[in-house]
Structure formats: C-alpha cells, structure tokens
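Have a look at coords08.cif below; it lists mmCIF, C-alpha atoms.
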```cif
data_data
loop_
_atom_site.label_atom_id
_atom_site.label_comp_id
_atom_site.auth_asym_id
_atom_site.auth_seq_id
_atom_site.Cartn_x
_atom_site.Cartn_y
_atom_site.Cartn_z
CA MET A 1 135.09 91.89 141.67
CA THR A 2 136.20 92.15 145.29
CA GLN A 3 134.38 94.79 147.30
CA HIS A 4 136.52 97.27 149.19
CA ASN A 5 135.62 99.59 152.03
CA ALA A 6 136.51 103.26 151.53
CA LEU A 7 136.45 106.10 154.03
CA ILE A 8 136.13 109.72 152.89
CA VAL A 9 137.17 112.26 155.53
CA ARG A 10 136.44 115.85 154.57
CA GLY A 11 136.19 119.32 156.06
CA GLY A 12 138.37 122.27 156.95
CA TRP A 13 138.59 125.37 154.78
CA ASP A 14 135.54 125.79 152.55
CA GLY A 15 137.62 127.40 149.78
CA HIS A 16 138.72 123.95 148.64
CA HIS A 17 135.10 122.74 148.36
CA PRO A 18 135.61 119.53 150.36
CA VAL A 19 132.04 118.30 149.88
CA ALA A 20 131.67 119.05 146.17
CA ALA A 21 135.21 117.84 145.45
CA THR A 22 134.89 114.48 147.17
CA GLU A 23 131.43 113.80 145.75
CA MET A 24 132.87 114.07 142.25
CA PHE A 25 134.58 110.73 142.88
CA LEU A 26 131.68 108.81 144.41
CA PRO A 27 130.50 107.43 141.03
CA PHE A 28 134.02 106.20 140.28
CA LEU A 29 134.28 104.44 143.63
CA ALA A 30 130.83 102.89 143.21
CA ALA A 31 131.73 101.66 139.72
CA HIS A 32 134.78 99.92 141.19
CA ASP A 33 132.72 98.24 143.92
CA TYR A 34 133.79 100.35 146.89
CA ALA A 35 131.42 100.69 149.84
CA VAL A 36 131.91 104.29 150.94
CA GLN A 37 131.54 105.84 154.38
CA ILE A 38 131.77 109.63 154.73
CA GLU A 39 132.92 111.47 157.84
CA GLU A 40 133.01 115.24 158.30
CA SER A 41 135.96 115.28 160.71
CA PRO A 42 139.06 113.17 161.54
CA GLU A 43 137.54 111.91 164.81
CA ILE A 44 137.10 108.43 163.34
CA TYR A 45 140.88 108.07 163.01
CA ALA A 46 141.11 107.48 166.76
CA ASP A 47 138.77 104.45 166.58
CA ALA A 48 141.10 101.53 165.84
CA GLU A 49 138.32 98.97 165.48
CA ARG A 50 136.47 100.99 162.85
CA MET A 51 139.63 102.03 161.04
CA ALA A 52 140.72 98.43 160.61
CA ARG A 53 137.73 97.88 158.29
CA PHE A 54 138.88 100.31 155.63
CA ASP A 55 141.01 99.49 152.61
CA LEU A 56 141.15 103.10 151.38
CA ILE A 57 141.06 106.56 152.96
CA VAL A 58 140.36 109.58 150.77
CA GLN A 59 141.08 112.73 152.77
CA SER A 60 140.03 116.27 151.89
CA VAL A 61 140.63 118.38 155.02
CA THR A 62 142.44 121.71 154.72
CA MET A 63 144.00 123.88 157.45
CA SER A 64 142.39 122.07 160.35
CA GLU A 65 143.54 120.37 163.54
CA ILE A 66 144.08 116.77 164.54
CA SER A 67 144.50 115.35 168.03
CA GLY A 68 147.31 113.08 169.11
CA ASP A 69 145.14 110.00 169.28
CA GLN A 70 143.62 110.74 165.89
CA VAL A 71 146.93 111.08 164.07
CA ALA A 72 148.25 108.01 165.89
CA GLY A 73 145.22 106.08 164.66
CA LEU A 74 145.70 107.26 161.10
CA ARG A 75 149.38 106.33 161.12
CA ALA A 76 148.60 102.91 162.56
CA ALA A 77 145.91 102.22 159.97
CA VAL A 78 148.21 103.10 157.08
CA ALA A 79 151.09 101.09 158.55
CA ALA A 80 148.73 98.11 158.78
CA GLY A 81 147.83 98.36 155.09
CA THR A 82 145.06 100.93 154.63
CA GLY A 83 145.75 103.14 151.62
CA LEU A 84 145.67 106.93 151.97
CA THR A 85 145.23 109.43 149.17
CA GLY A 86 144.07 112.96 148.49
CA TRP A 87 144.79 116.12 146.58
CA HIS A 88 145.97 119.68 147.06
CA GLY A 89 145.43 121.23 150.51
CA GLY A 90 143.12 118.39 151.51
CA ILE A 91 146.14 116.19 152.19
CA ALA A 92 149.27 118.35 151.75
CA ASP A 93 148.06 121.22 153.95
CA SER A 94 145.77 119.48 156.40
CA PHE A 95 147.22 119.57 159.90
CA ARG A 96 150.15 121.98 159.95
CA ALA A 97 150.71 121.71 163.69
CA SER A 98 151.16 117.91 163.71
CA ALA A 99 154.72 116.76 163.06
CA ASP A 100 153.57 113.13 163.07
CA TYR A 101 151.08 113.87 160.30
CA LEU A 102 153.67 115.72 158.23
CA GLN A 103 156.07 112.80 158.53
CA LEU A 104 153.37 110.40 157.36
CA ILE A 105 152.57 112.42 154.23
CA GLY A 106 156.15 113.28 153.32
CA GLY A 107 155.39 116.64 151.71
CA GLN A 108 153.87 119.87 153.02
CA PHE A 109 152.50 122.92 151.23
CA ALA A 110 154.72 125.95 151.84
CA THR A 111 153.28 128.55 149.46
CA HIS A 112 151.81 129.13 146.01
CA PRO A 113 153.65 131.99 144.30
CA GLY A 114 151.41 134.57 142.68
CA LYS A 115 151.03 136.88 139.76
CA PRO A 116 153.07 140.09 139.43
CA PRO A 117 152.04 142.48 142.22
CA ALA A 118 150.59 144.96 139.73
CA ASP A 119 148.17 142.28 138.45
CA ARG A 120 146.73 141.31 141.83
CA VAL A 121 143.32 142.22 143.21
CA ASP A 122 142.98 142.47 146.99
CA GLY A 123 141.66 139.21 148.44
CA ALA A 124 141.16 137.39 145.13
CA GLN A 125 142.08 133.70 144.98
CA GLU A 126 142.96 134.28 141.33
CA ASN A 127 146.04 136.21 142.47
CA ASN A 128 147.69 132.81 142.89
CA TYR A 129 146.50 131.24 139.63
CA LEU A 130 149.47 130.72 137.34
CA ASP A 131 150.04 128.89 134.08
CA TYR A 132 152.41 126.01 134.76
CA THR A 133 153.38 122.59 133.51
CA VAL A 134 153.20 119.25 135.30
CA GLU A 135 156.13 117.19 134.04
CA MET A 136 156.37 113.42 134.35
CA THR A 137 159.54 111.96 135.85
CA PRO A 138 161.15 108.81 134.42
CA LEU A 139 159.46 106.87 137.25
CA GLY A 140 156.14 108.55 136.47
CA ARG A 141 156.27 107.46 132.85
CA GLU A 142 156.29 103.84 134.03
CA HIS A 143 154.20 103.95 137.20
CA PRO A 144 150.62 102.56 137.08
CA ILE A 145 149.22 105.88 138.33
CA THR A 146 150.74 108.04 135.60
CA THR A 147 151.78 105.70 132.79
CA GLY A 148 150.60 106.90 129.39
CA LEU A 149 150.13 110.50 130.54
CA ALA A 150 152.13 113.22 128.85
CA ASP A 151 153.27 116.43 130.50
CA PHE A 152 150.28 118.76 130.83
CA ASP A 153 149.48 122.39 131.55
CA LEU A 154 147.23 123.90 134.20
CA CYS A 155 146.20 127.38 135.28
CA THR A 156 145.66 127.17 139.02
CA GLU A 157 147.64 127.31 142.26
CA GLN A 158 151.14 125.95 141.76
CA TYR A 159 152.19 124.35 145.04
CA TRP A 160 155.66 124.88 146.44
CA VAL A 161 156.20 121.76 148.56
CA LEU A 162 158.66 121.02 151.36
CA HIS A 163 159.43 117.30 151.23
CA ASP A 164 161.76 114.46 152.15
CA ASP A 165 163.43 111.80 150.02
CA LEU A 166 161.28 108.90 151.18
CA ILE A 167 158.69 109.94 148.60
CA ASP A 168 158.72 108.53 145.07
CA VAL A 169 158.07 111.45 142.73
CA LEU A 170 155.93 110.73 139.67
CA ALA A 171 155.63 114.30 138.42
CA THR A 172 157.18 117.69 139.18
CA THR A 173 156.53 121.36 138.52
CA THR A 174 159.10 124.15 138.37
CA HIS A 175 158.62 127.58 139.87
CA PRO A 176 160.41 130.33 137.95
CA ALA A 177 162.42 133.04 139.67
CA PRO A 178 160.75 136.30 138.58
CA ASP A 179 162.40 139.54 139.57
CA TRP A 180 159.67 140.49 142.06
CA GLU A 181 160.28 137.38 144.19
CA PRO A 182 163.16 136.92 146.70
CA TRP A 183 164.49 133.56 145.45
CA HIS A 184 167.29 133.52 142.90
CA ARG A 185 166.83 130.41 140.80
CA PRO A 186 163.97 128.16 139.63
CA ILE A 187 162.67 125.69 142.23
CA THR A 188 161.33 122.24 141.34
CA SER A 189 158.62 120.78 143.57
CA PRO A 190 156.95 117.37 143.50
CA ALA A 191 153.49 117.59 141.92
CA VAL A 192 152.52 113.91 142.30
CA TRP A 193 154.16 111.45 144.65
CA THR A 194 153.70 108.10 146.31
CA ARG A 195 155.01 106.84 149.63
CA LEU A 196 155.24 103.44 151.29
CA TRP A 197 154.48 103.38 155.02
CA GLY A 198 154.63 100.00 156.70
CA ALA A 199 152.22 97.79 154.76
CA GLY A 200 150.35 100.82 153.43
CA ARG A 201 150.61 103.08 150.39
CA LEU A 202 150.01 106.81 149.94
CA CYS A 203 149.48 108.95 146.85
CA VAL A 204 149.35 112.75 146.77
CA SER A 205 148.45 115.09 143.89
CA THR A 206 149.10 118.77 144.52
CA ALA A 207 146.67 119.81 141.77
CA GLY A 208 143.03 119.97 142.84
CA HIS A 209 142.25 123.45 144.15
CA SER A 210 138.67 123.42 142.88
CA PRO A 211 136.15 121.11 141.18
CA GLU A 212 137.12 122.75 137.88
CA VAL A 213 140.75 121.68 138.32
CA LEU A 214 139.70 118.22 139.46
CA ALA A 215 137.68 117.88 136.24
CA ASP A 216 140.83 118.22 134.14
CA PRO A 217 141.21 114.78 132.51
CA ASN A 218 144.85 114.42 133.57
CA VAL A 219 144.24 115.46 137.17
CA ARG A 220 141.19 113.26 137.48
CA THR A 221 142.99 110.26 135.97
CA ILE A 222 145.86 110.62 138.43
CA ILE A 223 143.52 110.85 141.42
CA GLU A 224 141.35 107.94 140.35
CA ARG A 225 144.30 105.69 139.53
CA GLY A 226 145.85 106.76 142.83
CA MET A 227 142.77 105.56 144.72
CA LEU A 228 143.06 102.14 143.10
CA TRP A 229 146.83 101.88 143.57
CA VAL A 230 146.86 102.70 147.28
CA THR A 231 143.92 100.45 148.16
CA ARG A 232 144.86 97.61 150.48
CA THR A 233 145.91 94.50 148.62
CA ALA A 234 145.92 90.94 149.86
#
```
Would you put the structure from the file into structure tokens?
Amino acid sequence: MTQHNALIVRGGWDGHHPVAATEMFLPFLAAHDYAVQIEESPEIYADAERMARFDLIVQSVTMSEISGDQVAGLRAAVAAGTGLTGWHGGIADSFRASADYLQLIGGQFATHPGKPPADRVDGAQENNYLDYTVEMTPLGREHPITTGLADFDLCTEQYWVLHDDLIDVLATTTHPAPDWEPWHRPITSPAVWTRLWGAGRLCVSTAGHSPEVLADPNVRTIIERGMLWVTRTA
C-alpha cells in the first residue's frame, strides 16, 4: 500500500467540535496508511514547500479568517493535485470574507431554516434541528463516493447552500416552504458535491454538525470515501 501524507487543519467556532470531529477519522486514515499532520490554524497554507508534500487536506475550520497568502497557497496546492475535503461549516462556512476561498469550494452556507417559532428556545442550537432527507442524484448513485447508498434521513441542521454549476452534485436536500418563512416554494440545495480544480479534487458534505451526526453510518461513509477519492493520484 502506498503511503500518503494528509494534513488536518482545524479550528474556528467550537460549536462544531473541530478537535473531536477530526479525531474521529484518525483511525480510518491510519488504517489506509496515511501519515497525518495536524495544524490548529490555516497558517500552513501559505508555506508552499510544506504544502507540496500533502496528498490530502481535511479541513474543519468554521467562521474564521484567512489571509491572502494563505488562501492563495491553498488554491495553488489544490490546483497542483492535493485533494481537499471536509464537512458542514468546517469547509462550507469557513472563510466568509474570502471570495477566492468561496470560488475554490463552489458552495457556501447561507442559512439553516429552523423549527416553527413557537417551538424554539432562546439560544438553543436545537432550534435549527430538522428532520430531512438526503437524496442521491443519478450521478451520486454511480459515483465511487456514494455508490450503493440509498436516500437517508437525518435530524440536524439542514444547510441551505449558495452554489455554482461547476460542482458535481452527488446528493441533494429539499427545504420546504412553511407558512412562517418568507420563501414561496421548496428549495433544493446540494448536500454532497465534488469539484475538480486544476489537477486537484474536492469533496464537500454538508452534514456533520456534531460528532453524533458524523457517526451516522451514511454520513461517515461519504466522508471517508471522499477522503480516499480526493487524495492525489499518480
């Protein structure tokens, strides 16, 4: 088995448990012969010499900031063949102020609609936990990351994603139009997507708010297969 070098970059908002979440996948990476380096900030992205060593980047950084040289380094590494993957806000809501980062990822968290106002408790994360279905697309039913997986249900944050058409959507989720919300028809958002960027590959799963969600067999399978699929190939 060929050894690969993986970089885990984590941090940002503690509500997404960046340490506990990423460490859930360390045994999987070790079992697949990845040598793993962990960084607690995106500073390493600006170091081109170090970045060139990695075949895989797993990012879990929510609502943080990235400098111009750091995002340029990340984009260059992916374009040169380093794979990039992550889940939920750790990749789809990482650096809101960086247009170059948003273009690289291809999809950005906009909101997660909540329960009926009468059912909400002030300040509770559970206000945004909804029952919803992740539905495979025709591409998703054939893609190595999601092949063999059926549509599945979750009760967690349902991401509404702004996106472009350079992404390849493997799974979607549909937001209803309840009478307490201002939109007038159901909205379908990508729930799992891939993207080609130069010689590199990306994979994003919007599910993954907490370790409990990441432990769901479907979510975990998608993330683990995504790590393998994006990894630099010869």
Name the residues that the PyMOL selection byres ((chain A and resi 15) around 10) picks from the file above, as a VMD selection string, using the file's chain letters and numbers.
-> chain A and resid 12 to 14 16 to 18 62 89 125 209 to 210
For the structure shown, which residues end up in the PyMOL selection byres ((chain A and resi 137) around 6)? Put them as a list in words, please?
->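 Taken over the shown coordinates, the PyMOL selection byres ((chain A and resi 137) around 6) returns Met136, Pro138, Leu139, Gly140, Leu170 and Ala171 of chain A.
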Please write as a PyMOL selection string the full residue list that the PyMOL selection byres ((chain A and resi 8) around 8) yields on this file.
-> chain A and resi 6-7+9-10+22+36-39+57-60
Export of prior selection with C-alpha atoms as a tab-separated table (two decimals), in the frame of the given file:
```
chain	number	residue	atom	x	y	z
A	6	ALA	CA	136.51	103.26	151.53
A	7	LEU	CA	136.45	106.10	154.03
A	9	VAL	CA	137.17	112.26	155.53
A	10	ARG	CA	136.44	115.85	154.57
A	22	THR	CA	134.89	114.48	147.17
A	36	VAL	CA	131.91	104.29	150.94
A	37	GLN	CA	131.54	105.84	154.38
A	38	ILE	CA	131.77	109.63	154.73
A	39	GLU	CA	132.92	111.47	157.84
A	57	ILE	CA	141.06	106.56	152.96
A	58	VAL	CA	140.36	109.58	150.77
A	59	GLN	CA	141.08	112.73	152.77
A	60	SER	CA	140.03	116.27	151.89
```
Find the smallest box with edges along x, y and z containing every listed atom of segment 76-90 of chain A, then add 8 Å on each side and report centre and edge lengths in Å to one decimal, as lines of an AutoDock Vina configuration file.
```
center_x = 147.1
center_y = 109.7
center_z = 154.6
size_x = 24.0
size_y = 39.1
size_z = 32.0
```
Please return, as an mmCIF file with C-alpha atoms, in the frame of the given file, all polymer residues that have at least one atom within 12 Å of the point (144.2, 105.1, 139.2); use all atoms listed in the file and the file's own coordinate frame.
```
data_model
loop_
_atom_site.group_PDB
_atom_site.id
_atom_site.type_symbol
_atom_site.label_atom_id
_atom_site.label_comp_id
_atom_site.auth_asym_id
_atom_site.auth_seq_id
_atom_site.Cartn_x
_atom_site.Cartn_y
_atom_site.Cartn_z
ATOM 1 C CA PHE A 25 134.580 110.730 142.880
ATOM 2 C CA PHE A 28 134.020 106.200 140.280
ATOM 3 C CA LEU A 29 134.280 104.440 143.630
ATOM 4 C CA HIS A 32 134.780 99.920 141.190
ATOM 5 C CA THR A 85 145.230 109.430 149.170
ATOM 6 C CA HIS A 143 154.200 103.950 137.200
ATOM 7 C CA PRO A 144 150.620 102.560 137.080
ATOM 8 C CA ILE A 145 149.220 105.880 138.330
ATOM 9 C CA THR A 146 150.740 108.040 135.600
ATOM 10 C CA THR A 147 151.780 105.700 132.790
ATOM 11 C CA GLY A 148 150.600 106.900 129.390
ATOM 12 C CA LEU A 149 150.130 110.500 130.540
ATOM 13 C CA CYS A 203 149.480 108.950 146.850
ATOM 14 C CA VAL A 204 149.350 112.750 146.770
ATOM 15 C CA SER A 205 148.450 115.090 143.890
ATOM 16 C CA ASN A 218 144.850 114.420 133.570
ATOM 17 C CA VAL A 219 144.240 115.460 137.170
ATOM 18 C CA ARG A 220 141.190 113.260 137.480
ATOM 19 C CA THR A 221 142.990 110.260 135.970
ATOM 20 C CA ILE A 222 145.860 110.620 138.430
ATOM 21 C CA ILE A 223 143.520 110.850 141.420
ATOM 22 C CA GLU A 224 141.350 107.940 140.350
ATOM 23 C CA ARG A 225 144.300 105.690 139.530
ATOM 24 C CA GLY A 226 145.850 106.760 142.830
ATOM 25 C CA MET A 227 142.770 105.560 144.720
ATOM 26 C CA LEU A 228 143.060 102.140 143.100
ATOM 27 C CA TRP A 229 146.830 101.880 143.570
ATOM 28 C CA VAL A 230 146.860 102.700 147.280
ATOM 29 C CA THR A 231 143.920 100.450 148.160
#
```
Hey, what's within 6 Å of Val134 of chain A if we count only C-alpha atoms and toss same-chain stuff fewer than 5 positions away? As number ranges by chain, please?
-> A: 151-152, 172-173
For those residues, write C-alpha atoms to a file as a tab-separated table (two decimals), in the frame of the given file.
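Final file, selection31.tsv:
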```
chain	number	residue	atom	x	y	z
A	151	ASP	CA	153.27	116.43	130.50
A	152	PHE	CA	150.28	118.76	130.83
A	172	THR	CA	157.18	117.69	139.18
A	173	THR	CA	156.53	121.36	138.52
```
Name the closest residue to Ile91 of chain A among the candidates A:Pro27, A:Gly198, A:Gly11, A:Gly68; distances are taken between atoms, counting only C-alpha atoms.
->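 The shortest atom-to-atom distance to Ile91 of chain A comes from A:Gly11.
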Length of the atom CA of Glu23 of chain A to atom CA of Ala150 of chain A vector [Å] =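 Pair atom CA of Glu23 of chain A / atom CA of Ala150 of chain A returns 26.7 Å.
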Please measure the separation of atom CA of Gln158 of chain A and atom CA of Pro211 of chain A, giving the value in Å to one decimal.
->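 Between atom CA of Gln158 of chain A and atom CA of Pro211 of chain A the gap is 15.8 Å.
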So how many Å separate atom CA of Glu49 of chain A and atom CA of Leu196 of chain A, to one decimal?
-> 22.5 Å
Of the listed residues A:Asn127, A:Thr2, A:Ser64, A:Thr233, that which approaches Gly200 of chain A most closely, counting only C-alpha atoms | A:Thr233
Taking (140.8, 100.4, 161.4) in the file's coordinates, which residues come within 10 Å, counting all atoms listed in the file, written as a PyMOL selection string?
-> chain A and resi 44-55+73-74+76-78+80-82
Would you please work out which residue, of A:Leu102, A:Ala97, A:Gln3, A:Thr188, is nearest to Ala31 of chain A when using only C-alpha atoms?
-> A:Gln3
From A:Glu181, A:Val213, A:Lys115, A:Glu142, residue lying nearest Leu154 of chain A [only C-alpha atoms] =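 With only C-alpha atoms as the atom set, the closest residue is A:Val213.
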Return the single residue from A:Asp165, A:Asp153, A:Ser189, A:Arg201 that is closest to Pro217 of chain A, with distances computed using all atoms listed in the file.
->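 Nearest to Pro217 of chain A: A:Asp153.
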For each of A:His88, A:His112, A:Arg96, A:Arg75, take the minimum atom-to-atom distance to His175 of chain A, counting only C-alpha atoms, then give the residue where this is smallest.
->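 The shortest atom-to-atom distance to His175 of chain A comes from A:His112.
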My structure is short of atoms at segment 19-42 of chain A; please model N, CA and C atoms there, returning them as a JSON list (two decimals), in the coordinates of the input.
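Resulting contents of part06.json:
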```json
[["chain", "number", "residue", "atom", "x", "y", "z"],
["A", 19, "VAL", "N", 133.20, 119.14, 150.17],
["A", 19, "VAL", "CA", 132.04, 118.30, 149.88],
["A", 19, "VAL", "C", 131.90, 118.09, 148.37],
["A", 20, "ALA", "N", 131.84, 119.17, 147.62],
["A", 20, "ALA", "CA", 131.67, 119.05, 146.17],
["A", 20, "ALA", "C", 132.83, 118.27, 145.54],
["A", 21, "ALA", "N", 134.04, 118.51, 146.03],
["A", 21, "ALA", "CA", 135.21, 117.84, 145.45],
["A", 21, "ALA", "C", 135.17, 116.34, 145.68],
["A", 22, "THR", "N", 134.90, 115.92, 146.90],
["A", 22, "THR", "CA", 134.89, 114.48, 147.17],
["A", 22, "THR", "C", 133.72, 113.79, 146.48],
["A", 23, "GLU", "N", 132.59, 114.46, 146.37],
["A", 23, "GLU", "CA", 131.43, 113.80, 145.75],
["A", 23, "GLU", "C", 131.62, 113.61, 144.25],
["A", 24, "MET", "N", 132.55, 114.32, 143.65],
["A", 24, "MET", "CA", 132.87, 114.07, 142.25],
["A", 24, "MET", "C", 133.36, 112.65, 142.01],
["A", 25, "PHE", "N", 133.96, 112.03, 143.05],
["A", 25, "PHE", "CA", 134.58, 110.73, 142.88],
["A", 25, "PHE", "C", 133.71, 109.57, 143.38],
["A", 26, "LEU", "N", 132.55, 109.88, 143.92],
["A", 26, "LEU", "CA", 131.68, 108.81, 144.41],
["A", 26, "LEU", "C", 131.24, 107.87, 143.28],
["A", 27, "PRO", "N", 130.87, 108.37, 142.11],
["A", 27, "PRO", "CA", 130.50, 107.43, 141.03],
["A", 27, "PRO", "C", 131.65, 106.51, 140.63],
["A", 28, "PHE", "N", 132.87, 107.04, 140.61],
["A", 28, "PHE", "CA", 134.02, 106.20, 140.28],
["A", 28, "PHE", "C", 134.20, 105.10, 141.31],
["A", 29, "LEU", "N", 134.12, 105.45, 142.58],
["A", 29, "LEU", "CA", 134.28, 104.44, 143.63],
["A", 29, "LEU", "C", 133.17, 103.40, 143.56],
["A", 30, "ALA", "N", 131.95, 103.83, 143.32],
["A", 30, "ALA", "CA", 130.83, 102.89, 143.21],
["A", 30, "ALA", "C", 131.04, 101.95, 142.02],
["A", 31, "ALA", "N", 131.51, 102.48, 140.91],
["A", 31, "ALA", "CA", 131.73, 101.66, 139.72],
["A", 31, "ALA", "C", 132.81, 100.62, 139.93],
["A", 32, "HIS", "N", 133.71, 100.88, 140.89],
["A", 32, "HIS", "CA", 134.78, 99.92, 141.19],
["A", 32, "HIS", "C", 134.49, 99.14, 142.46],
["A", 33, "ASP", "N", 133.22, 99.11, 142.85],
["A", 33, "ASP", "CA", 132.72, 98.24, 143.92],
["A", 33, "ASP", "C", 133.29, 98.60, 145.30],
["A", 34, "TYR", "N", 133.42, 99.89, 145.55],
["A", 34, "TYR", "CA", 133.79, 100.35, 146.89],
["A", 34, "TYR", "C", 132.51, 100.69, 147.67],
["A", 35, "ALA", "N", 132.44, 100.22, 148.90],
["A", 35, "ALA", "CA", 131.42, 100.69, 149.84],
["A", 35, "ALA", "C", 132.00, 101.89, 150.56],
["A", 36, "VAL", "N", 131.34, 103.03, 150.48],
["A", 36, "VAL", "CA", 131.91, 104.29, 150.94],
["A", 36, "VAL", "C", 131.22, 104.79, 152.20],
["A", 37, "GLN", "N", 132.02, 105.16, 153.18],
["A", 37, "GLN", "CA", 131.54, 105.84, 154.38],
["A", 37, "GLN", "C", 132.14, 107.24, 154.39],
["A", 38, "ILE", "N", 131.33, 108.24, 154.73],
["A", 38, "ILE", "CA", 131.77, 109.63, 154.73],
["A", 38, "ILE", "C", 131.73, 110.18, 156.14],
["A", 39, "GLU", "N", 132.83, 110.81, 156.54],
["A", 39, "GLU", "CA", 132.92, 111.47, 157.84],
["A", 39, "GLU", "C", 133.32, 112.93, 157.63],
["A", 40, "GLU", "N", 132.77, 113.81, 158.46],
["A", 40, "GLU", "CA", 133.01, 115.24, 158.30],
["A", 40, "GLU", "C", 134.11, 115.77, 159.24],
["A", 41, "SER", "N", 134.85, 114.88, 159.86],
["A", 41, "SER", "CA", 135.96, 115.28, 160.71],
["A", 41, "SER", "C", 136.89, 114.07, 160.86],
["A", 42, "PRO", "N", 138.13, 114.30, 161.36],
["A", 42, "PRO", "CA", 139.06, 113.17, 161.54],
["A", 42, "PRO", "C", 138.84, 112.39, 162.83]]
```
